Every structure is written in C-alpha cells, then in structure tokens.
$ cat query.json   # JSON, C-alpha atoms
[["chain", "number", "residue", "atom", "x", "y", "z"],
["Z", 143, "MET", "CA", -69.64, -299.42, -30.92],
["Z", 144, "SER", "CA", -71.63, -300.99, -28.10],
["Z", 145, "THR", "CA", -70.25, -301.44, -24.60],
["Z", 146, "GLY", "CA", -70.03, -304.81, -22.86],
["Z", 147, "GLN", "CA", -73.05, -303.94, -20.77],
["Z", 148, "ASP", "CA", -75.07, -303.22, -23.91],
["Z", 149, "ARG", "CA", -74.33, -306.53, -25.62],
["Z", 150, "GLY", "CA", -77.16, -308.21, -23.76],
["Z", 151, "ASN", "CA", -79.58, -305.70, -25.24],
["Z", 152, "ALA", "CA", -78.57, -304.55, -28.70],
["Z", 153, "GLY", "CA", -81.39, -302.01, -28.76],
["Z", 154, "ARG", "CA", -79.57, -299.92, -26.17],
["Z", 155, "GLY", "CA", -76.28, -299.85, -28.09],
["Z", 156, "ILE", "CA", -74.97, -296.96, -30.12],
["Z", 157, "GLU", "CA", -75.70, -297.31, -33.82],
["Z", 158, "ILE", "CA", -75.05, -295.30, -36.96],
["Z", 159, "ARG", "CA", -78.46, -293.62, -36.52],
["Z", 160, "HIS", "CA", -77.15, -291.93, -33.37],
["Z", 161, "LEU", "CA", -74.34, -290.35, -35.37],
["Z", 162, "ARG", "CA", -76.71, -289.32, -38.15],
["Z", 163, "ALA", "CA", -79.00, -287.65, -35.63],
["Z", 164, "PHE", "CA", -76.13, -285.77, -34.04],
["Z", 165, "LEU", "CA", -74.83, -284.60, -37.42],
["Z", 166, "ALA", "CA", -78.31, -283.44, -38.46],
["Z", 167, "VAL", "CA", -78.66, -281.41, -35.25],
["Z", 168, "ALA", "CA", -75.17, -279.97, -35.73],
["Z", 169, "ASP", "CA", -75.92, -278.97, -39.33],
["Z", 170, "GLU", "CA", -79.38, -277.56, -38.72],
["Z", 171, "GLY", "CA", -78.80, -275.94, -35.33],
["Z", 172, "SER", "CA", -82.24, -277.15, -34.31],
["Z", 173, "VAL", "CA", -83.76, -280.43, -33.15],
["Z", 174, "THR", "CA", -86.97, -279.57, -35.00],
["Z", 175, "ARG", "CA", -85.25, -279.02, -38.35],
["Z", 176, "ALA", "CA", -83.08, -282.08, -37.78],
["Z", 177, "ALA", "CA", -86.23, -284.15, -37.28],
["Z", 178, "VAL", "CA", -87.69, -282.87, -40.55],
["Z", 179, "ARG", "CA", -84.46, -283.69, -42.35],
["Z", 180, "LEU", "CA", -84.34, -287.20, -40.92],
["Z", 181, "ARG", "CA", -88.12, -287.71, -41.36],
["Z", 182, "VAL", "CA", -88.67, -288.66, -37.73],
["Z", 183, "THR", "CA", -90.32, -286.90, -34.81],
["Z", 184, "GLN", "CA", -88.62, -284.33, -32.62],
["Z", 185, "PRO", "CA", -88.75, -286.54, -29.48],
["Z", 186, "VAL", "CA", -86.98, -289.32, -31.38],
["Z", 187, "VAL", "CA", -84.10, -286.98, -32.29],
["Z", 188, "SER", "CA", -83.88, -285.69, -28.72],
["Z", 189, "ARG", "CA", -83.78, -289.20, -27.25],
["Z", 190, "THR", "CA", -81.24, -290.37, -29.81],
["Z", 191, "LEU", "CA", -78.95, -287.43, -29.11],
["Z", 192, "ALA", "CA", -79.29, -287.90, -25.34],
["Z", 193, "ALA", "CA", -78.39, -291.58, -25.69],
["Z", 194, "LEU", "CA", -75.26, -290.72, -27.64],
["Z", 195, "GLU", "CA", -74.19, -288.13, -25.07],
["Z", 196, "LYS", "CA", -74.78, -290.61, -22.26],
["Z", 197, "HIS", "CA", -72.72, -293.24, -24.03],
["Z", 198, "LEU", "CA", -69.83, -290.81, -24.59],
["Z", 199, "GLY", "CA", -70.12, -289.28, -21.15],
["Z", 200, "VAL", "CA", -69.97, -285.71, -22.51],
["Z", 201, "ARG", "CA", -72.40, -283.00, -23.53],
["Z", 202, "LEU", "CA", -72.22, -282.51, -27.29],
["Z", 203, "VAL", "CA", -74.86, -279.80, -27.72],
["Z", 204, "ASP", "CA", -75.51, -276.69, -25.67],
["Z", 205, "ARG", "CA", -79.28, -276.43, -25.28],
["Z", 206, "SER", "CA", -79.27, -273.18, -23.28],
["Z", 207, "THR", "CA", -80.21, -271.02, -26.27],
["Z", 208, "HIS", "CA", -82.95, -271.18, -28.91],
["Z", 209, "HIS", "CA", -80.33, -271.85, -31.59],
["Z", 210, "LEU", "CA", -78.50, -274.98, -30.50],
["Z", 211, "ALA", "CA", -74.72, -274.76, -30.51],
["Z", 212, "LEU", "CA", -72.08, -277.43, -30.28],
["Z", 213, "THR", "CA", -69.96, -277.63, -27.16],
["Z", 214, "ALA", "CA", -66.18, -277.89, -27.49],
["Z", 215, "GLU", "CA", -66.58, -281.67, -27.22],
["Z", 216, "GLY", "CA", -69.28, -281.56, -29.88],
["Z", 217, "VAL", "CA", -67.05, -279.64, -32.27],
["Z", 218, "ALA", "CA", -64.27, -282.21, -31.84],
["Z", 219, "PHE", "CA", -66.69, -285.15, -32.21],
["Z", 220, "ARG", "CA", -68.43, -283.78, -35.29],
["Z", 221, "ASP", "CA", -65.57, -284.49, -37.69],
["Z", 222, "LYS", "CA", -65.11, -287.98, -36.27],
["Z", 223, "ALA", "CA", -68.82, -288.73, -36.59],
["Z", 224, "ALA", "CA", -68.92, -287.44, -40.17],
["Z", 225, "ALA", "CA", -65.92, -289.58, -41.09],
["Z", 226, "ALA", "CA", -67.50, -292.65, -39.49],
["Z", 227, "VAL", "CA", -70.83, -292.15, -41.29],
["Z", 228, "GLY", "CA", -69.04, -291.56, -44.58],
["Z", 229, "ALA", "CA", -66.98, -294.74, -44.19],
["Z", 230, "PHE", "CA", -70.11, -296.71, -43.24],
["Z", 231, "ASP", "CA", -72.03, -295.52, -46.30],
["Z", 232, "GLU", "CA", -69.10, -296.15, -48.59],
["Z", 233, "ALA", "CA", -68.67, -299.71, -47.28],
["Z", 234, "LEU", "CA", -72.32, -300.55, -47.90],
["Z", 235, "ASP", "CA", -72.62, -298.89, -51.29],
["Z", 236, "PRO", "CA", -69.20, -298.12, -52.76],
["Z", 237, "GLY", "CA", -70.59, -297.10, -56.12],
["Z", 238, "ARG", "CA", -72.75, -294.28, -54.77],
["Z", 239, "PRO", "CA", -71.32, -290.87, -53.84],
["Z", 240, "HIS", "CA", -71.74, -290.07, -50.15],
["Z", 241, "HIS", "CA", -70.06, -286.69, -49.95],
["Z", 242, "ARG", "CA", -71.50, -284.25, -47.44],
["Z", 243, "PRO", "CA", -71.30, -280.55, -48.34],
["Z", 244, "LEU", "CA", -68.09, -278.71, -47.58],
["Z", 245, "ARG", "CA", -69.07, -275.63, -45.59],
["Z", 246, "LEU", "CA", -66.84, -272.57, -46.03],
["Z", 247, "GLY", "CA", -67.53, -269.72, -43.61],
["Z", 248, "HIS", "CA", -66.71, -266.04, -43.86],
["Z", 249, "ALA", "CA", -67.59, -262.99, -41.81],
["Z", 250, "TRP", "CA", -67.56, -260.53, -44.71],
["Z", 251, "SER", "CA", -66.23, -260.21, -48.25],
["Z", 252, "ALA", "CA", -65.71, -263.97, -48.62],
["Z", 253, "PHE", "CA", -62.77, -264.69, -50.95],
["Z", 254, "GLY", "CA", -62.84, -261.19, -52.39],
["Z", 255, "PRO", "CA", -62.33, -261.06, -56.18],
["Z", 256, "TYR", "CA", -61.54, -264.77, -56.18],
["Z", 257, "THR", "CA", -64.93, -265.82, -54.78],
["Z", 258, "THR", "CA", -66.71, -266.48, -58.07],
["Z", 259, "PRO", "CA", -63.75, -268.25, -59.74],
["Z", 260, "LEU", "CA", -63.36, -270.47, -56.68],
["Z", 261, "LEU", "CA", -67.03, -271.46, -56.56],
["Z", 262, "ARG", "CA", -67.32, -272.07, -60.29],
["Z", 263, "THR", "CA", -64.12, -274.10, -60.55],
["Z", 264, "TRP", "CA", -65.03, -276.18, -57.52],
["Z", 265, "GLN", "CA", -68.48, -276.97, -58.91],
["Z", 266, "ARG", "CA", -66.97, -278.04, -62.22],
["Z", 267, "ARG", "CA", -64.25, -280.22, -60.72],
["Z", 268, "HIS", "CA", -66.03, -281.64, -57.68],
["Z", 269, "PRO", "CA", -69.75, -281.85, -58.50],
["Z", 270, "GLY", "CA", -70.29, -284.61, -55.95],
["Z", 271, "THR", "CA", -69.21, -282.41, -53.02],
["Z", 272, "PRO", "CA", -71.20, -279.15, -52.87],
["Z", 273, "LEU", "CA", -69.23, -276.15, -51.58],
["Z", 274, "GLU", "CA", -71.51, -274.05, -49.38],
["Z", 275, "LEU", "CA", -70.43, -270.46, -48.71],
["Z", 276, "LEU", "CA", -71.90, -269.26, -45.40],
["Z", 277, "ARG", "CA", -71.64, -265.79, -43.90],
["Z", 278, "ILE", "CA", -71.47, -266.02, -40.10],
["Z", 279, "ASP", "CA", -70.88, -262.89, -38.01],
["Z", 280, "ASP", "CA", -68.20, -264.25, -35.75],
["Z", 281, "ARG", "CA", -64.44, -263.68, -35.49],
["Z", 282, "THR", "CA", -63.79, -267.20, -36.84],
["Z", 283, "ALA", "CA", -66.90, -267.23, -39.09],
["Z", 284, "GLY", "CA", -68.35, -270.15, -37.12],
["Z", 285, "LEU", "CA", -65.25, -272.34, -37.41],
["Z", 286, "ALA", "CA", -64.43, -272.50, -33.71],
["Z", 287, "ARG", "CA", -68.06, -273.37, -32.93],
["Z", 288, "GLY", "CA", -68.13, -276.19, -35.48],
["Z", 289, "GLU", "CA", -70.66, -274.52, -37.78],
["Z", 290, "VAL", "CA", -68.35, -274.74, -40.81],
["Z", 291, "ASP", "CA", -65.50, -276.96, -41.98],
["Z", 292, "ALA", "CA", -63.19, -274.13, -43.03],
["Z", 293, "ALA", "CA", -63.27, -270.34, -43.08],
["Z", 294, "VAL", "CA", -61.87, -267.38, -44.96],
["Z", 295, "LEU", "CA", -60.64, -264.97, -42.28],
["Z", 296, "ARG", "CA", -58.95, -261.59, -42.34],
["Z", 297, "GLY", "CA", -56.35, -260.26, -39.98],
["Z", 298, "PRO", "CA", -54.42, -262.15, -37.30],
["Z", 299, "VAL", "CA", -56.25, -265.08, -35.70],
["Z", 300, "ASP", "CA", -55.12, -266.39, -32.31],
["Z", 301, "THR", "CA", -58.04, -268.71, -31.52],
["Z", 302, "PRO", "CA", -56.69, -271.97, -30.05],
["Z", 303, "GLY", "CA", -57.17, -275.13, -32.07],
["Z", 304, "LEU", "CA", -57.14, -273.50, -35.52],
["Z", 305, "VAL", "CA", -54.61, -273.90, -38.33],
["Z", 306, "THR", "CA", -54.29, -270.99, -40.77],
["Z", 307, "GLU", "CA", -52.60, -270.33, -44.09],
["Z", 308, "VAL", "CA", -52.13, -266.88, -45.63],
["Z", 309, "LEU", "CA", -53.47, -267.02, -49.20],
["Z", 310, "PHE", "CA", -52.98, -263.39, -50.19],
["Z", 311, "THR", "CA", -53.02, -259.87, -48.81],
["Z", 312, "GLU", "CA", -55.29, -257.02, -49.79],
["Z", 313, "GLU", "CA", -54.85, -253.30, -49.47],
["Z", 314, "ARG", "CA", -56.91, -251.42, -46.92],
["Z", 315, "VAL", "CA", -59.39, -248.73, -47.77],
["Z", 316, "ALA", "CA", -61.19, -246.03, -45.83],
["Z", 317, "ALA", "CA", -64.97, -246.10, -45.95],
["Z", 318, "VAL", "CA", -66.44, -242.61, -45.68],
["Z", 319, "ALA", "CA", -69.82, -240.99, -46.26],
["Z", 320, "ALA", "CA", -70.31, -240.43, -49.99],
["Z", 321, "ASP", "CA", -71.44, -236.83, -49.39],
["Z", 322, "GLY", "CA", -68.69, -236.03, -46.87],
["Z", 323, "PRO", "CA", -65.52, -233.94, -47.35],
["Z", 324, "LEU", "CA", -63.21, -236.99, -47.58],
["Z", 325, "ALA", "CA", -65.12, -238.78, -50.32],
["Z", 326, "GLY", "CA", -63.57, -236.85, -53.19],
["Z", 327, "ARG", "CA", -59.95, -237.54, -52.25],
["Z", 328, "SER", "CA", -57.85, -239.91, -54.39],
["Z", 329, "SER", "CA", -56.27, -241.38, -51.25],
["Z", 330, "LEU", "CA", -56.32, -240.90, -47.51],
["Z", 331, "SER", "CA", -54.05, -241.54, -44.55],
["Z", 332, "LEU", "CA", -54.91, -242.94, -41.15],
["Z", 333, "ALA", "CA", -54.37, -239.47, -39.71],
["Z", 334, "ASP", "CA", -57.18, -238.12, -41.91],
["Z", 335, "LEU", "CA", -59.64, -240.27, -39.93],
["Z", 336, "THR", "CA", -58.55, -239.33, -36.41],
["Z", 337, "GLY", "CA", -60.54, -236.11, -36.24],
["Z", 338, "GLU", "CA", -63.90, -237.90, -36.39],
["Z", 339, "THR", "CA", -65.63, -241.00, -35.11],
["Z", 340, "VAL", "CA", -64.36, -244.35, -36.41],
["Z", 341, "VAL", "CA", -66.89, -247.18, -36.74],
["Z", 342, "LEU", "CA", -65.54, -250.53, -35.50],
["Z", 343, "ASN", "CA", -67.08, -253.95, -36.04],
["Z", 344, "THR", "CA", -66.06, -255.56, -32.76],
["Z", 345, "VAL", "CA", -67.59, -258.97, -33.48],
["Z", 346, "SER", "CA", -66.15, -259.98, -36.83],
["Z", 347, "GLY", "CA", -64.10, -257.03, -38.08],
["Z", 348, "ALA", "CA", -60.31, -256.90, -38.37],
["Z", 349, "THR", "CA", -59.83, -253.20, -37.57],
["Z", 350, "THR", "CA", -59.01, -252.08, -34.04],
["Z", 351, "LEU", "CA", -57.57, -248.91, -32.54],
["Z", 352, "GLY", "CA", -54.22, -250.67, -32.63],
["Z", 353, "LEU", "CA", -54.05, -249.82, -36.34],
["Z", 354, "TRP", "CA", -53.23, -246.20, -35.36],
["Z", 355, "PRO", "CA", -50.11, -245.07, -33.48],
["Z", 356, "PRO", "CA", -50.83, -244.76, -29.73],
["Z", 357, "ARG", "CA", -50.53, -240.97, -29.71],
["Z", 358, "SER", "CA", -52.70, -240.31, -32.77],
["Z", 359, "ARG", "CA", -55.72, -242.53, -32.42],
["Z", 360, "PRO", "CA", -59.28, -241.48, -33.37],
["Z", 361, "ALA", "CA", -61.04, -239.15, -30.98],
["Z", 362, "ALA", "CA", -64.13, -241.35, -30.72],
["Z", 363, "THR", "CA", -65.42, -244.77, -31.79],
["Z", 364, "LEU", "CA", -68.80, -246.30, -32.57],
["Z", 365, "THR", "CA", -69.07, -250.06, -32.22],
["Z", 366, "VAL", "CA", -71.31, -252.32, -34.32],
["Z", 367, "VAL", "CA", -71.71, -256.09, -34.54],
["Z", 368, "ASN", "CA", -71.73, -256.88, -38.27],
["Z", 369, "THR", "CA", -70.78, -255.54, -41.69],
["Z", 370, "ASP", "CA", -74.33, -254.46, -42.57],
["Z", 371, "ASP", "CA", -74.55, -252.20, -39.51],
["Z", 372, "TRP", "CA", -71.02, -250.93, -40.22],
["Z", 373, "VAL", "CA", -71.92, -249.86, -43.76],
["Z", 374, "THR", "CA", -75.23, -248.34, -42.63],
["Z", 375, "ALA", "CA", -73.57, -246.24, -39.90],
["Z", 376, "ILE", "CA", -71.00, -244.86, -42.32],
["Z", 377, "ALA", "CA", -73.61, -244.07, -44.97],
["Z", 378, "ALA", "CA", -75.60, -242.20, -42.32],
["Z", 379, "GLY", "CA", -72.59, -239.99, -41.59],
["Z", 380, "ARG", "CA", -72.06, -241.34, -38.08],
["Z", 381, "GLY", "CA", -68.37, -242.00, -38.72],
["Z", 382, "SER", "CA", -65.77, -243.50, -41.03],
["Z", 383, "GLY", "CA", -64.28, -246.97, -41.16],
["Z", 384, "VAL", "CA", -61.33, -249.03, -42.37],
["Z", 385, "SER", "CA", -61.55, -252.37, -44.14],
["Z", 386, "GLY", "CA", -59.97, -254.50, -46.83],
["Z", 387, "ALA", "CA", -60.26, -253.57, -50.50],
["Z", 388, "ALA", "CA", -62.60, -256.52, -51.15],
["Z", 389, "THR", "CA", -65.24, -254.85, -49.00],
["Z", 390, "ALA", "CA", -65.69, -252.20, -51.67],
["Z", 391, "GLN", "CA", -66.51, -254.93, -54.19],
["Z", 392, "MET", "CA", -68.61, -257.17, -51.97],
["Z", 393, "HIS", "CA", -70.48, -254.45, -50.03],
["Z", 394, "PRO", "CA", -71.05, -251.47, -52.33],
["Z", 395, "HIS", "CA", -73.41, -248.80, -51.03],
["Z", 396, "ALA", "CA", -74.63, -245.61, -52.68],
["Z", 397, "GLY", "CA", -74.01, -243.73, -49.45],
["Z", 398, "VAL", "CA", -70.43, -244.95, -48.92],
["Z", 399, "ALA", "CA", -67.24, -244.04, -50.78],
["Z", 400, "TYR", "CA", -64.24, -246.34, -50.49],
["Z", 401, "VAL", "CA", -60.91, -244.51, -50.72],
["Z", 402, "PRO", "CA", -57.41, -246.14, -50.72],
["Z", 403, "LEU", "CA", -55.43, -245.77, -47.49],
["Z", 404, "ALA", "CA", -51.86, -244.91, -48.37],
["Z", 405, "ASP", "CA", -50.18, -245.72, -45.05],
["Z", 406, "ALA", "CA", -52.18, -248.67, -43.69],
["Z", 407, "PRO", "CA", -50.52, -252.10, -43.70],
["Z", 408, "PRO", "CA", -52.08, -254.71, -46.01],
["Z", 409, "LEU", "CA", -54.64, -257.11, -44.57],
["Z", 410, "PRO", "CA", -53.77, -260.83, -44.66],
["Z", 411, "VAL", "CA", -56.52, -263.13, -45.95],
["Z", 412, "LEU", "CA", -56.36, -266.58, -44.39],
["Z", 413, "LEU", "CA", -57.81, -270.00, -45.02],
["Z", 414, "ALA", "CA", -58.45, -271.60, -41.63],
["Z", 415, "CYS", "CA", -59.54, -275.04, -40.46],
["Z", 416, "ARG", "CA", -59.57, -276.89, -37.18],
["Z", 417, "ASP", "CA", -56.44, -278.72, -36.06],
["Z", 418, "GLY", "CA", -57.26, -282.40, -36.42],
["Z", 419, "PRO", "CA", -59.35, -284.66, -38.62],
["Z", 420, "GLY", "CA", -61.71, -282.66, -40.78],
["Z", 421, "HIS", "CA", -63.77, -282.86, -43.94],
["Z", 422, "PRO", "CA", -61.96, -285.12, -46.42],
["Z", 423, "ALA", "CA", -62.21, -282.45, -49.14],
["Z", 424, "LEU", "CA", -60.27, -279.81, -47.18],
["Z", 425, "PRO", "CA", -56.92, -280.53, -48.89],
["Z", 426, "ARG", "CA", -58.59, -280.09, -52.28],
["Z", 427, "LEU", "CA", -60.13, -276.80, -51.17],
["Z", 428, "ALA", "CA", -56.78, -275.45, -49.97],
["Z", 429, "ALA", "CA", -55.06, -276.53, -53.19],
["Z", 430, "LEU", "CA", -57.75, -274.93, -55.35],
["Z", 431, "ALA", "CA", -57.67, -271.70, -53.34],
["Z", 432, "ARG", "CA", -53.91, -271.42, -53.92],
["Z", 433, "GLU", "CA", -54.38, -272.21, -57.61],
["Z", 434, "ILE", "CA", -57.12, -269.60, -58.07],
["Z", 435, "VAL", "CA", -55.10, -266.87, -56.35],
["Z", 436, "ALA", "CA", -51.98, -267.62, -58.38],
["Z", 437, "ARG", "CA", -53.93, -267.81, -61.65],
["Z", 438, "GLU", "CA", -55.90, -264.61, -61.10],
["Z", 439, "GLN", "CA", -52.84, -262.69, -59.93],
["Z", 440, "ARG", "CA", -50.91, -263.79, -63.01],
["Z", 441, "GLY", "CA", -53.79, -262.60, -65.15],
["Z", 442, "THR", "CA", -53.90, -259.24, -63.38],
["Z", 443, "SER", "CA", -50.15, -258.82, -63.73],
["Z", 444, "GLY", "CA", -50.34, -259.64, -67.41],
["Z", 445, "ARG", "CA", -53.10, -257.10, -68.02],
["Z", 446, "SER", "CA", -51.25, -254.37, -66.12],
["Z", 447, "THR", "CA", -48.03, -254.84, -68.10],
["Z", 448, "GLY", "CA", -49.62, -255.61, -71.48]]

$ encode --input "query.json" --output "structure tokens"
Amino acid sequence: MSTGQDRGNAGRGIEIRHLRAFLAVADEGSVTRAAVRLRVTQPVVSRTLAALEKHLGVRLVDRSTHHLALTAEGVAFRDKAAAAVGAFDEALDPGRPHHRPLRLGHAWSAFGPYTTPLLRTWQRRHPGTPLELLRIDDRTAGLARGEVDAAVLRGPVDTPGLVTEVLFTEERVAAVAADGPLAGRSSLSLADLTGETVVLNTVSGATTLGLWPPRSRPAATLTVVNTDDWVTAIAAGRGSGVSGAATAQMHPHAGVAYVPLADAPPLPVLLACRDGPGHPALPRLAALAREIVAREQRGTSGRSTG
C-alpha cells in the first residue's frame, strides 16, 4: 500500500496498523478510547490517523466536535478498511475467527415484536459475529454517518446512498395521556387529535403534519428530539402523539395510553444499509430478518385462526 516515494523509507508507508487505528477511532468515536482499545497512547493514534489521511488525500474524521464523527469520505472508506483488515487477518491465521461485530442501529422500537427472536436466533447461528443493537437518535439511526452497518428504520427514507427493503408494516397508534379523556376509547381517528397539541419527534420520528389532510391538521405542535422526551411530554399532558404499534411494546409508560388509530396508514419498517461494500454478514442479517418476520407472522396467523 506504499507509494513509490515511500519505498525508500518503509517506516513512512501505510501499514495495516493505520487501518486498525482508523477503525478503532470510527468505532469508539474518540481518539482516547481508541488508544485504550489498541493499548497505545493517544498521540500515537492521532499521528497514525493523520498519516493515513495524508496518504489518501482526504479527511476521514471530523474533529470539530467532542464526539468525533466520520466524514462522508470516512464513511465510504470504513467498509473498505474493515474488509482489508479482515482479509489480512484471515490470510495470516485462517483457522481463527476474525469477525468484527455487526452493528444494527435503530432510532426507537428496534425490530418491534421480532427483536428478541432476531437477536436470539442470530446468536445461536452466528456466535462468531456478535450482533450489536444500538439506539441512535438520528433519522437513519447512525447509518448515514457510518456509526452502524445496517439500521431498522420506519417510514419513507430518502437519504442518498442508502438501500432499503421493507420487511413488514405495523399499524399506527395514538399516544395520549393515561388520565386524559381520549385514553378510555377503544380506537381513535386522526381527527380526534386535531383539537389539541401534537408532539412531534423531529429528529428521528416518522410522524409529520403531512399525516393529516391539509385542511384538518392539528392546531398546535410541540417538537422534541428523541423518543424519551416524546413519551415524557405526552405523559405530562402536554399533547398527544402518533407512532407505530411497536412503540407501545418497546416504550410502555404508566402515564401514557396507546390507542389504535383507525384511519392512519400503516407504517413501513425497513432494513437499510449503505449502497456499496459493507459488512460481510449483511446478507445473512437480511435473510434472517425475512425469515423471522415470516415465521412469527405465520405463528400469529395460526393462533388467531386456531
């Protein structure tokens, strides 16, 4: 991987340690934590990363914030670097597993009712490749920023560079204060929510005012930045909200009642990954996700008709 100019001094060439340092920084989001992981000093990691960036002629890491983030070039290079390190390790020691964790992001509710079956089946079938489920409050659950290898997303996604597959759809529910007048209803309509404030998660949520017809939209909105704040605002009686049915299972709250919405369109649940080379286990993850959904839905159908 060295350039012609570097051949006279091998110590200035790019080596596998440069890729390992970059991957550690990308995984940890911190030079300090990367240094601990690699068992070297922080200055060594910084110099190694700078040397790699100089060799490539691009900035891989944005250092403008306390939590380091990958640049667009860094996101694209991460998968290539991981593949190169994996191939290197496999060539030197083919009998030893060298599988890095497969990171699956989500902004809320994960895989809904299929979350536990997915994690348990994956662990049983692929023990050498840990599946890490990470909640990241971002519209793409950290996928576009390179923080995860794949993501479970809800609602339409138009972020460039992502490939998505609809795995299933879930019904929408209204989230209302448990002690409010709407909590005792067996079902609600979107029109039932227009007379009060609607709480919108504008960072990672899938509900916008576009869910209502233009002439009958809510009178007021309250914006929050994550699911925890969304649930807390509703429990406090500051407004009502709309979400997928899995939210009721994954985010129960004594102060919130989840009521079916009769006229709201179902919410698509997507498996997304970046367009291009990615983690080698991604095809297995997609196949297992499809299998789990089909299996669980068959079981539910059988119970409902039995």

$ closest_residue --input "query.json" --among "Z:Arg359, Z:Arg201, Z:Arg262, Z:Arg175" --to "Z:Gly337" --atoms "only C-alpha atoms"
Z:Arg359

$ residues_around --input "query.json" --residues "stretch 253-261 of chain Z" --least-positions-apart "2" --cutoff "8 Å" --atoms "all atoms listed in the file" --output "ChimeraX atom specification"
/Z:251,263-265,273,294,388-389,391-392,430-431,434-435,438

$ residues_around --input "query.json" --residues "Z:Ala225" --least-positions-apart "3" --cutoff "9 Å" --atoms "all atoms listed in the file" --output "PyMOL selection string"
chain Z and resi 220-222+228-230+419-422

$ atom_distance --input "query.json" --atom1 "atom CA of Z:His248" --atom2 "atom CA of Z:Val200"
29.2 Å

$ closest_residue --input "query.json" --among "Z:Pro323, Z:Val315, Z:Leu212, Z:Asp204" --to "Z:Ala168" --atoms "only C-alpha atoms"
Z:Leu212

$ closest_residue --input "query.json" --among "Z:Glu289, Z:Glu157, Z:Glu312, Z:Asp321" --to "Z:Ala406" --atoms "all atoms listed in the file"
Z:Glu312

$ closest_residue --input "query.json" --among "Z:Ala163, Z:Thr213, Z:Val367, Z:Leu202" --to "Z:Pro185" --atoms "all atoms listed in the file"
Z:Ala163

$ residues_around --input "query.json" --residues "stretch 330-334 of chain Z" --least-positions-apart "6" --cutoff "9 Å" --atoms "all atoms listed in the file" --output "MDAnalysis selection string"
chainID Z and resid 315:316 324 353:354 358:360 384 401:406

$ write_last_selection --input "query.json" --atoms "C-alpha atoms" --output "PDB file, in the frame of the given file"
ATOM      1  CA  VAL Z 315     -59.390-248.730 -47.770  1.00  0.00           C
ATOM      2  CA  ALA Z 316     -61.190-246.030 -45.830  1.00  0.00           C
ATOM      3  CA  LEU Z 324     -63.210-236.990 -47.580  1.00  0.00           C
ATOM      4  CA  LEU Z 353     -54.050-249.820 -36.340  1.00  0.00           C
ATOM      5  CA  TRP Z 354     -53.230-246.200 -35.360  1.00  0.00           C
ATOM      6  CA  SER Z 358     -52.700-240.310 -32.770  1.00  0.00           C
ATOM      7  CA  ARG Z 359     -55.720-242.530 -32.420  1.00  0.00           C
ATOM      8  CA  PRO Z 360     -59.280-241.480 -33.370  1.00  0.00           C
ATOM      9  CA  VAL Z 384     -61.330-249.030 -42.370  1.00  0.00           C
ATOM     10  CA  VAL Z 401     -60.910-244.510 -50.720  1.00  0.00           C
ATOM     11  CA  PRO Z 402     -57.410-246.140 -50.720  1.00  0.00           C
ATOM     12  CA  LEU Z 403     -55.430-245.770 -47.490  1.00  0.00           C
ATOM     13  CA  ALA Z 404     -51.860-244.910 -48.370  1.00  0.00           C
ATOM     14  CA  ASP Z 405     -50.180-245.720 -45.050  1.00  0.00           C
ATOM     15  CA  ALA Z 406     -52.180-248.670 -43.690  1.00  0.00           C
TER      16      ALA Z 406
END

$ residues_around --input "query.json" --residues "stretch 306-311 of chain Z" --least-positions-apart "2" --cutoff "6 Å" --atoms "all atoms listed in the file" --output "tab-separated table (two decimals) with C-alpha atoms, keeping the file's coordinate frame"
chain	number	residue	atom	x	y	z
Z	408	PRO	CA	-52.08	-254.71	-46.01
Z	409	LEU	CA	-54.64	-257.11	-44.57
Z	410	PRO	CA	-53.77	-260.83	-44.66
Z	411	VAL	CA	-56.52	-263.13	-45.95
Z	412	LEU	CA	-56.36	-266.58	-44.39
Z	413	LEU	CA	-57.81	-270.00	-45.02
Z	414	ALA	CA	-58.45	-271.60	-41.63

$ atom_distance --input "query.json" --atom1 "atom CA of Z:Asn368" --atom2 "atom CA of Z:Gly247"
14.5 Å

$ closest_residue --input "query.json" --among "Z:Ala348, Z:Val178, Z:Gly284, Z:His197" --to "Z:Leu161" --atoms "only C-alpha atoms"
Z:His197

$ atom_distance --input "query.json" --atom1 "atom CA of Z:Ala218" --atom2 "atom CA of Z:Val345"
23.5 Å

$ closest_residue --input "query.json" --among "Z:Ala211, Z:Ala429, Z:Ala436, Z:Ala177" --to "Z:Arg287" --atoms "only C-alpha atoms"
Z:Ala211

$ residues_near_point --input "query.json" --point "(-72.0, -249.1, -30.7)" --cutoff "10 Å" --atoms "all atoms listed in the file" --output "short mmCIF file (atom, residue, chain, number, x, y, z; two decimals) with C-alpha atoms, in the coordinates of the input"
data_model
loop_
_atom_site.label_atom_id
_atom_site.label_comp_id
_atom_site.auth_asym_id
_atom_site.auth_seq_id
_atom_site.Cartn_x
_atom_site.Cartn_y
_atom_site.Cartn_z
CA VAL Z 341 -66.89 -247.18 -36.74
CA LEU Z 342 -65.54 -250.53 -35.50
CA ASN Z 343 -67.08 -253.95 -36.04
CA THR Z 344 -66.06 -255.56 -32.76
CA THR Z 363 -65.42 -244.77 -31.79
CA LEU Z 364 -68.80 -246.30 -32.57
CA THR Z 365 -69.07 -250.06 -32.22
CA VAL Z 366 -71.31 -252.32 -34.32
CA VAL Z 367 -71.71 -256.09 -34.54
CA ASP Z 371 -74.55 -252.20 -39.51
CA TRP Z 372 -71.02 -250.93 -40.22
CA ALA Z 375 -73.57 -246.24 -39.90
#

$ residues_around --input "query.json" --residues "Z:Arg416" --least-positions-apart "4" --cutoff "9 Å" --atoms "all atoms listed in the file" --output "list in words"
Ala218, Leu285, Ala286, Gly288, Asp291, Ala292, Gly303, Leu304, Val305, Thr306 and Gly420 of chain Z
